Amino acid sequence: MSTTFETGLGVFFLLGMLLNLGFAAYYFRAEKNAAAGLFWAAVAGPFLVQAFGFLAHLGWALPPGPREAVDFIMGPVTYTGLSVVGFCAFVTFRRTLTNPHVAWGLFNLSLVFAGWAVTDPEFRKIITKPDNVPIPLLIYSVGFFTWLALRRGVLNDERMARNEPPLEKLEDEKALVWPDLVYTELIAMIVCTALLIVWGIVLKAPLEQPATSSQAPNPSKAPWYFLGLQEMLVYYDPWMAGVVLPTFIIIGLMALPYIDFNRQGNGYFTFEQRKFAMFTFMFGFVVLWVTLIVLGTFLRGPNWNFFGPFSYWDPHKVDPLNNVNVSQIFWLNWLGKPLEGMNPLVRELPGIFLVVVYLFVLPPLLAKTVLRPFFIKMGFVRFFLLVTLLQFMAALPIKMVLRWVFNLKYVVAFPEYFFNI
């Protein structure tokens, strides 16, 4: 690390110390909680020690052991599995995890990990790229607003359980569009414009030479906001990942207000009154979109191979991966019949059967069993529209797991007609 970078890390930990002192002052003054104030003031101490170490240029760095351990356990299955488990745990234990003390503790741990992680040269190469700078902002901003929404929901659920109105009803003052809202939007627009100008001057845009097929960058990545879409291309053909699934996302978001039958939870934060809607939307956005952007930014390297966060991006790395289709598993592996010369329709019958069962048999079963209350309240059309949207959303994690665990490429494969699922 250069001395300038170490100085920047020292300032980073110094700001972390100031944040904890401010948090402690809040509990001293506003909450009148001396114990909590003393605790967070004590937490500021380790941040001060780390700030001193980096400002003094002592050459501190993350030891090889933790880096190698993280790289060893990190893989696509582990990463996605931990994302799903972490999200479900956060929702299930939301009363505990959204507690300000617990949330602030997790925030401090993330700051410490982030500060020490950038001492690794390989991780620093990725995190300091100008087009990757928005990703840490994305992680912390999404984390904060997700916490804020769930925290408000928890507080409102507790208030309504005591027959008290939600917090939003206590602040039910109306604001005029003109001048209040327009002035606020104007000021926000000016501030954002100034911020983008400074950003564009300080962080040079990663412009490269004109595109040419003779010299393509490796890895060749889309802009960060399309990395989730590019990750889907690993598991689906372009017509599916680039056309069908994004179209269903747009249609689903447009149809949600007409599908929703729940009259509760309008105008205030709540979780208990809108469990299904909250969980489904947050899972789709946080787990199936944001985590894919993070994966594509930090863990996808040359040749779109998966690398640990502290691994060297070796352009010569080759991961052996056998593409297996359902037809091959059924006819060749199970029945021992060769696929050569077989009629394409007959060859793909097992995959077609699975798709038909998933799309057309599963919804009626859900209507009669697990989702029967939804079917009764929503009616035939709205229910089956909802289930269809959920099926296409669930198809992505299902295909991801099948790809990683069984090397399954296609459920239905008609290369003769360029049609694959």
# chains A, B, ... in the order shown; residues from 1 in each chain; ligands from 1
call {"tool": "residues_around", "arguments": {"residues": "segment 65-80 of chain A", "least_positions_apart": "2", "cutoff": "9 Å", "atoms": "only C-alpha atoms", "output": "PyMOL selection string"}}
result
chain A and resi 62-63+82-85+117+120+287+291-292+295+299+306-311+397+400-401+404-405
call {"tool": "write_last_selection", "arguments": {"atoms": "N, CA, C and O atoms", "output": "mmCIF file, in the first residue's frame"}}
result
data_model
loop_
_atom_site.group_PDB
_atom_site.id
_atom_site.type_symbol
_atom_site.label_atom_id
_atom_site.label_comp_id
_atom_site.auth_asym_id
_atom_site.auth_seq_id
_atom_site.Cartn_x
_atom_site.Cartn_y
_atom_site.Cartn_z
ATOM 1 N N LEU A 62 -4.324 -7.234 6.144
ATOM 2 C CA LEU A 62 -5.086 -8.431 6.491
ATOM 3 C C LEU A 62 -4.180 -9.654 6.335
ATOM 4 O O LEU A 62 -3.577 -9.852 5.274
ATOM 5 N N PRO A 63 -4.058 -10.494 7.371
ATOM 6 C CA PRO A 63 -3.162 -11.664 7.288
ATOM 7 C C PRO A 63 -3.609 -12.633 6.193
ATOM 8 O O PRO A 63 -4.778 -12.655 5.802
ATOM 9 N N LEU A 82 -25.672 -18.231 1.364
ATOM 10 C CA LEU A 82 -25.546 -17.301 2.484
ATOM 11 C C LEU A 82 -26.426 -16.075 2.288
ATOM 12 O O LEU A 82 -26.972 -15.534 3.264
ATOM 13 N N SER A 83 -26.569 -15.623 1.044
ATOM 14 C CA SER A 83 -27.447 -14.474 0.779
ATOM 15 C C SER A 83 -28.892 -14.801 1.142
ATOM 16 O O SER A 83 -29.577 -13.999 1.786
ATOM 17 N N VAL A 84 -29.350 -15.979 0.725
ATOM 18 C CA VAL A 84 -30.729 -16.377 1.012
ATOM 19 C C VAL A 84 -30.931 -16.579 2.514
ATOM 20 O O VAL A 84 -31.918 -16.097 3.097
ATOM 21 N N VAL A 85 -29.991 -17.281 3.157
ATOM 22 C CA VAL A 85 -30.108 -17.525 4.593
ATOM 23 C C VAL A 85 -30.057 -16.217 5.366
ATOM 24 O O VAL A 85 -30.837 -16.003 6.305
ATOM 25 N N ALA A 117 -10.271 -5.284 4.415
ATOM 26 C CA ALA A 117 -10.306 -6.009 3.141
ATOM 27 C C ALA A 117 -9.551 -5.269 2.056
ATOM 28 O O ALA A 117 -8.886 -5.881 1.219
ATOM 29 N N ASP A 120 -5.827 -5.792 1.056
ATOM 30 C CA ASP A 120 -5.400 -6.834 0.131
ATOM 31 C C ASP A 120 -5.263 -6.233 -1.270
ATOM 32 O O ASP A 120 -6.194 -5.590 -1.770
ATOM 33 N N VAL A 287 -32.255 -10.200 -3.055
ATOM 34 C CA VAL A 287 -31.538 -11.457 -3.282
ATOM 35 C C VAL A 287 -31.335 -11.732 -4.761
ATOM 36 O O VAL A 287 -30.242 -12.125 -5.186
ATOM 37 N N THR A 291 -27.818 -8.802 -4.979
ATOM 38 C CA THR A 291 -26.724 -9.743 -4.725
ATOM 39 C C THR A 291 -26.102 -10.233 -6.031
ATOM 40 O O THR A 291 -24.904 -10.542 -6.068
ATOM 41 N N LEU A 292 -26.889 -10.290 -7.118
ATOM 42 C CA LEU A 292 -26.309 -10.665 -8.407
ATOM 43 C C LEU A 292 -25.404 -9.561 -8.951
ATOM 44 O O LEU A 292 -24.398 -9.839 -9.613
ATOM 45 N N LEU A 295 -22.237 -9.946 -7.017
ATOM 46 C CA LEU A 295 -21.531 -11.122 -7.523
ATOM 47 C C LEU A 295 -20.820 -10.805 -8.841
ATOM 48 O O LEU A 295 -19.656 -11.140 -9.033
ATOM 49 N N LEU A 299 -16.938 -10.859 -7.905
ATOM 50 C CA LEU A 299 -16.615 -12.284 -7.909
ATOM 51 C C LEU A 299 -16.549 -12.888 -9.305
ATOM 52 O O LEU A 299 -16.210 -14.065 -9.439
ATOM 53 N N PHE A 306 -15.617 -17.712 -11.684
ATOM 54 C CA PHE A 306 -15.884 -17.270 -10.317
ATOM 55 C C PHE A 306 -14.572 -17.242 -9.544
ATOM 56 O O PHE A 306 -13.824 -18.223 -9.524
ATOM 57 N N PHE A 307 -14.290 -16.107 -8.888
ATOM 58 C CA PHE A 307 -13.086 -15.938 -8.088
ATOM 59 C C PHE A 307 -13.491 -15.495 -6.686
ATOM 60 O O PHE A 307 -14.497 -14.810 -6.503
ATOM 61 N N GLY A 308 -12.669 -15.879 -5.692
ATOM 62 C CA GLY A 308 -12.863 -15.362 -4.355
ATOM 63 C C GLY A 308 -12.547 -13.885 -4.305
ATOM 64 O O GLY A 308 -11.829 -13.350 -5.169
ATOM 65 N N PRO A 309 -13.029 -13.174 -3.283
ATOM 66 C CA PRO A 309 -12.809 -11.716 -3.237
ATOM 67 C C PRO A 309 -11.344 -11.321 -3.109
ATOM 68 O O PRO A 309 -10.976 -10.205 -3.475
ATOM 69 N N PHE A 310 -10.484 -12.239 -2.603
ATOM 70 C CA PHE A 310 -9.070 -11.919 -2.448
ATOM 71 C C PHE A 310 -8.190 -12.715 -3.414
ATOM 72 O O PHE A 310 -6.974 -12.746 -3.262
ATOM 73 N N SER A 311 -8.793 -13.343 -4.406
ATOM 74 C CA SER A 311 -8.041 -14.166 -5.345
ATOM 75 C C SER A 311 -7.477 -13.311 -6.478
ATOM 76 O O SER A 311 -8.049 -12.280 -6.848
ATOM 77 N N PRO A 397 -33.602 -18.796 -9.336
ATOM 78 C CA PRO A 397 -32.794 -19.526 -8.340
ATOM 79 C C PRO A 397 -32.811 -21.031 -8.547
ATOM 80 O O PRO A 397 -31.812 -21.702 -8.265
ATOM 81 N N MET A 400 -30.285 -21.681 -11.207
ATOM 82 C CA MET A 400 -28.951 -21.433 -10.688
ATOM 83 C C MET A 400 -28.448 -22.627 -9.886
ATOM 84 O O MET A 400 -27.307 -23.085 -10.053
ATOM 85 N N VAL A 401 -29.284 -23.157 -9.008
ATOM 86 C CA VAL A 401 -28.890 -24.308 -8.192
ATOM 87 C C VAL A 401 -28.650 -25.526 -9.067
ATOM 88 O O VAL A 401 -27.658 -26.253 -8.879
ATOM 89 N N TRP A 404 -25.252 -25.137 -10.837
ATOM 90 C CA TRP A 404 -24.073 -25.276 -9.999
ATOM 91 C C TRP A 404 -23.904 -26.684 -9.451
ATOM 92 O O TRP A 404 -22.794 -27.197 -9.380
ATOM 93 N N VAL A 405 -25.014 -27.306 -9.054
ATOM 94 C CA VAL A 405 -24.927 -28.605 -8.377
ATOM 95 C C VAL A 405 -24.840 -29.753 -9.374
ATOM 96 O O VAL A 405 -24.062 -30.697 -9.188
#
call {"tool": "residues_around", "arguments": {"residues": "Asn322 of chain A", "least_positions_apart": "4", "cutoff": "12 Å", "atoms": "only C-alpha atoms", "output": "NGL selection string"}}
result
:A and (328 or 403-410)
call {"tool": "closest_residue", "arguments": {"among": "A:Tyr235, A:Phe374, A:Phe283, A:Phe39", "to": "Phe90 of chain A", "atoms": "only C-alpha atoms"}}
result
A:Phe283
call {"tool": "residues_around", "arguments": {"residues": "segment 200-212 of chain A", "least_positions_apart": "4", "cutoff": "8 Å", "atoms": "only C-alpha atoms", "output": "list of chain:residue names"}}
result
A:Pro130, A:Asp131, A:Leu196, A:Ala216
call {"tool": "residues_around", "arguments": {"residues": "segment 269-276 of chain A", "least_positions_apart": "3", "cutoff": "10 Å", "atoms": "only C-alpha atoms", "output": "number ranges by chain"}}
result
A: 91, 94, 148-158, 160, 166-168, 262-266, 279-281
call {"tool": "write_last_selection", "arguments": {"atoms": "C-alpha atoms", "output": "PDB file, in the first residue's frame"}}
result
ATOM      1  CA  VAL A  91     -36.797 -11.034   8.056  1.00  0.00           C
ATOM      2  CA  ARG A  94     -36.409  -8.573  12.350  1.00  0.00           C
ATOM      3  CA  LEU A 148     -35.316   1.572   8.001  1.00  0.00           C
ATOM      4  CA  ALA A 149     -38.409   0.093   6.344  1.00  0.00           C
ATOM      5  CA  LEU A 150     -38.351  -3.037   8.506  1.00  0.00           C
ATOM      6  CA  ARG A 151     -37.649  -1.022  11.649  1.00  0.00           C
ATOM      7  CA  ARG A 152     -40.618   1.249  11.015  1.00  0.00           C
ATOM      8  CA  GLY A 153     -42.694  -1.821  10.239  1.00  0.00           C
ATOM      9  CA  VAL A 154     -41.689  -3.489  13.505  1.00  0.00           C
ATOM     10  CA  LEU A 155     -42.512  -0.372  15.520  1.00  0.00           C
ATOM     11  CA  ASN A 156     -45.871   0.037  13.790  1.00  0.00           C
ATOM     12  CA  ASP A 157     -46.743  -3.633  14.285  1.00  0.00           C
ATOM     13  CA  GLU A 158     -45.980  -3.313  17.985  1.00  0.00           C
ATOM     14  CA  MET A 160     -51.041  -1.653  16.407  1.00  0.00           C
ATOM     15  CA  PRO A 166     -49.041   3.716  13.360  1.00  0.00           C
ATOM     16  CA  LEU A 167     -46.292   6.309  13.534  1.00  0.00           C
ATOM     17  CA  GLU A 168     -47.333   7.821  10.207  1.00  0.00           C
ATOM     18  CA  ASN A 262     -55.008  -6.762   0.841  1.00  0.00           C
ATOM     19  CA  ARG A 263     -56.604  -3.489   1.969  1.00  0.00           C
ATOM     20  CA  GLN A 264     -54.330  -3.155   4.977  1.00  0.00           C
ATOM     21  CA  GLY A 265     -50.941  -1.541   5.205  1.00  0.00           C
ATOM     22  CA  ASN A 266     -51.653   1.405   2.927  1.00  0.00           C
ATOM     23  CA  PHE A 279     -41.158 -10.927   1.604  1.00  0.00           C
ATOM     24  CA  THR A 280     -41.733 -11.572  -2.100  1.00  0.00           C
ATOM     25  CA  PHE A 281     -40.764  -8.099  -3.271  1.00  0.00           C
TER      26      PHE A 281
END
call {"tool": "select_by_dssp", "arguments": {"residues": "segment 108-207 of chain A", "states": "alpha helix (DSSP H)", "output": "MDAnalysis selection string"}}
result
chainID A and resid 108:117 121:127 134:161 167:170 182:202
call {"tool": "residues_around", "arguments": {"residues": "Gln391 of chain A", "least_positions_apart": "6", "cutoff": "9 Å", "atoms": "only C-alpha atoms", "output": "list in words"}}
result
Tyr358, Leu359 and Pro363 of chain A
call {"tool": "residues_around", "arguments": {"residues": "Phe392 of chain A", "least_positions_apart": "6", "cutoff": "12 Å", "atoms": "only C-alpha atoms", "output": "tab-separated table (two decimals) with N, CA and C atoms, in the first residue's frame"}}
result
chain	number	residue	atom	x	y	z
A	240	MET	N	-34.34	-15.72	-23.33
A	240	MET	CA	-35.02	-15.90	-22.05
A	240	MET	C	-34.53	-14.87	-21.03
A	241	ALA	N	-33.20	-14.76	-20.88
A	241	ALA	CA	-32.64	-13.86	-19.87
A	241	ALA	C	-32.75	-12.40	-20.28
A	244	VAL	N	-37.58	-12.40	-22.06
A	244	VAL	CA	-38.74	-12.92	-21.34
A	244	VAL	C	-38.73	-12.51	-19.88
A	245	LEU	N	-37.64	-12.79	-19.17
A	245	LEU	CA	-37.59	-12.49	-17.74
A	245	LEU	C	-37.69	-10.99	-17.46
A	246	PRO	N	-36.94	-10.10	-18.15
A	246	PRO	CA	-37.14	-8.66	-17.90
A	246	PRO	C	-38.56	-8.20	-18.23
A	247	THR	N	-39.17	-8.78	-19.28
A	247	THR	CA	-40.55	-8.41	-19.61
A	247	THR	C	-41.50	-8.79	-18.49
A	248	PHE	N	-41.30	-9.97	-17.91
A	248	PHE	CA	-42.17	-10.39	-16.81
A	248	PHE	C	-41.93	-9.53	-15.57
A	249	ILE	N	-40.70	-9.06	-15.37
A	249	ILE	CA	-40.45	-8.16	-14.25
A	249	ILE	C	-41.25	-6.88	-14.42
A	251	ILE	N	-43.94	-6.35	-16.40
A	251	ILE	CA	-45.37	-6.65	-16.34
A	251	ILE	C	-45.81	-6.91	-14.91
A	252	GLY	N	-44.96	-7.64	-14.17
A	252	GLY	CA	-45.32	-7.94	-12.78
A	252	GLY	C	-45.43	-6.70	-11.93
A	284	GLY	N	-37.11	-10.68	-4.25
A	284	GLY	CA	-36.83	-10.46	-5.66
A	284	GLY	C	-35.83	-9.34	-5.88
A	288	LEU	N	-32.38	-11.52	-5.57
A	288	LEU	CA	-32.29	-11.89	-6.97
A	288	LEU	C	-31.82	-10.75	-7.88
A	355	VAL	N	-41.47	-29.04	-17.65
A	355	VAL	CA	-41.92	-27.67	-17.83
A	355	VAL	C	-43.44	-27.59	-17.73
A	358	TYR	N	-44.44	-27.93	-14.14
A	358	TYR	CA	-44.11	-26.73	-13.36
A	358	TYR	C	-45.04	-25.57	-13.67
A	359	LEU	N	-45.37	-25.38	-14.95
A	359	LEU	CA	-46.17	-24.21	-15.34
A	359	LEU	C	-47.67	-24.43	-15.25
A	385	LEU	N	-52.49	-15.39	-12.38
A	385	LEU	CA	-51.53	-14.40	-12.83
A	385	LEU	C	-50.42	-14.23	-11.79
A	386	LEU	N	-50.81	-14.17	-10.51
A	386	LEU	CA	-49.83	-14.06	-9.43
A	386	LEU	C	-48.89	-15.26	-9.41
A	398	ILE	N	-33.92	-21.58	-9.05
A	398	ILE	CA	-33.96	-23.02	-9.32
A	398	ILE	C	-32.92	-23.38	-10.38
A	399	LYS	N	-32.90	-22.60	-11.47
A	399	LYS	CA	-31.95	-22.89	-12.54
A	399	LYS	C	-30.50	-22.65	-12.07
call {"tool": "closest_residue", "arguments": {"among": "A:Met393, A:Leu181, A:Leu111, A:Leu345", "to": "Phe47 of chain A", "atoms": "only C-alpha atoms"}}
result
A:Leu111
call {"tool": "atom_distance", "arguments": {"atom1": "atom CA of Ala103 of chain A", "atom2": "atom CA of Trp147 of chain A"}}
result
8.0 Å
call {"tool": "atom_distance", "arguments": {"atom1": "atom CA of Lys368 of chain A", "atom2": "atom CA of Val411 of chain A"}}
result
26.9 Å
call {"tool": "atom_distance", "arguments": {"atom1": "atom CA of Glu31 of chain A", "atom2": "atom CA of Phe113 of chain A"}}
result
29.2 Å
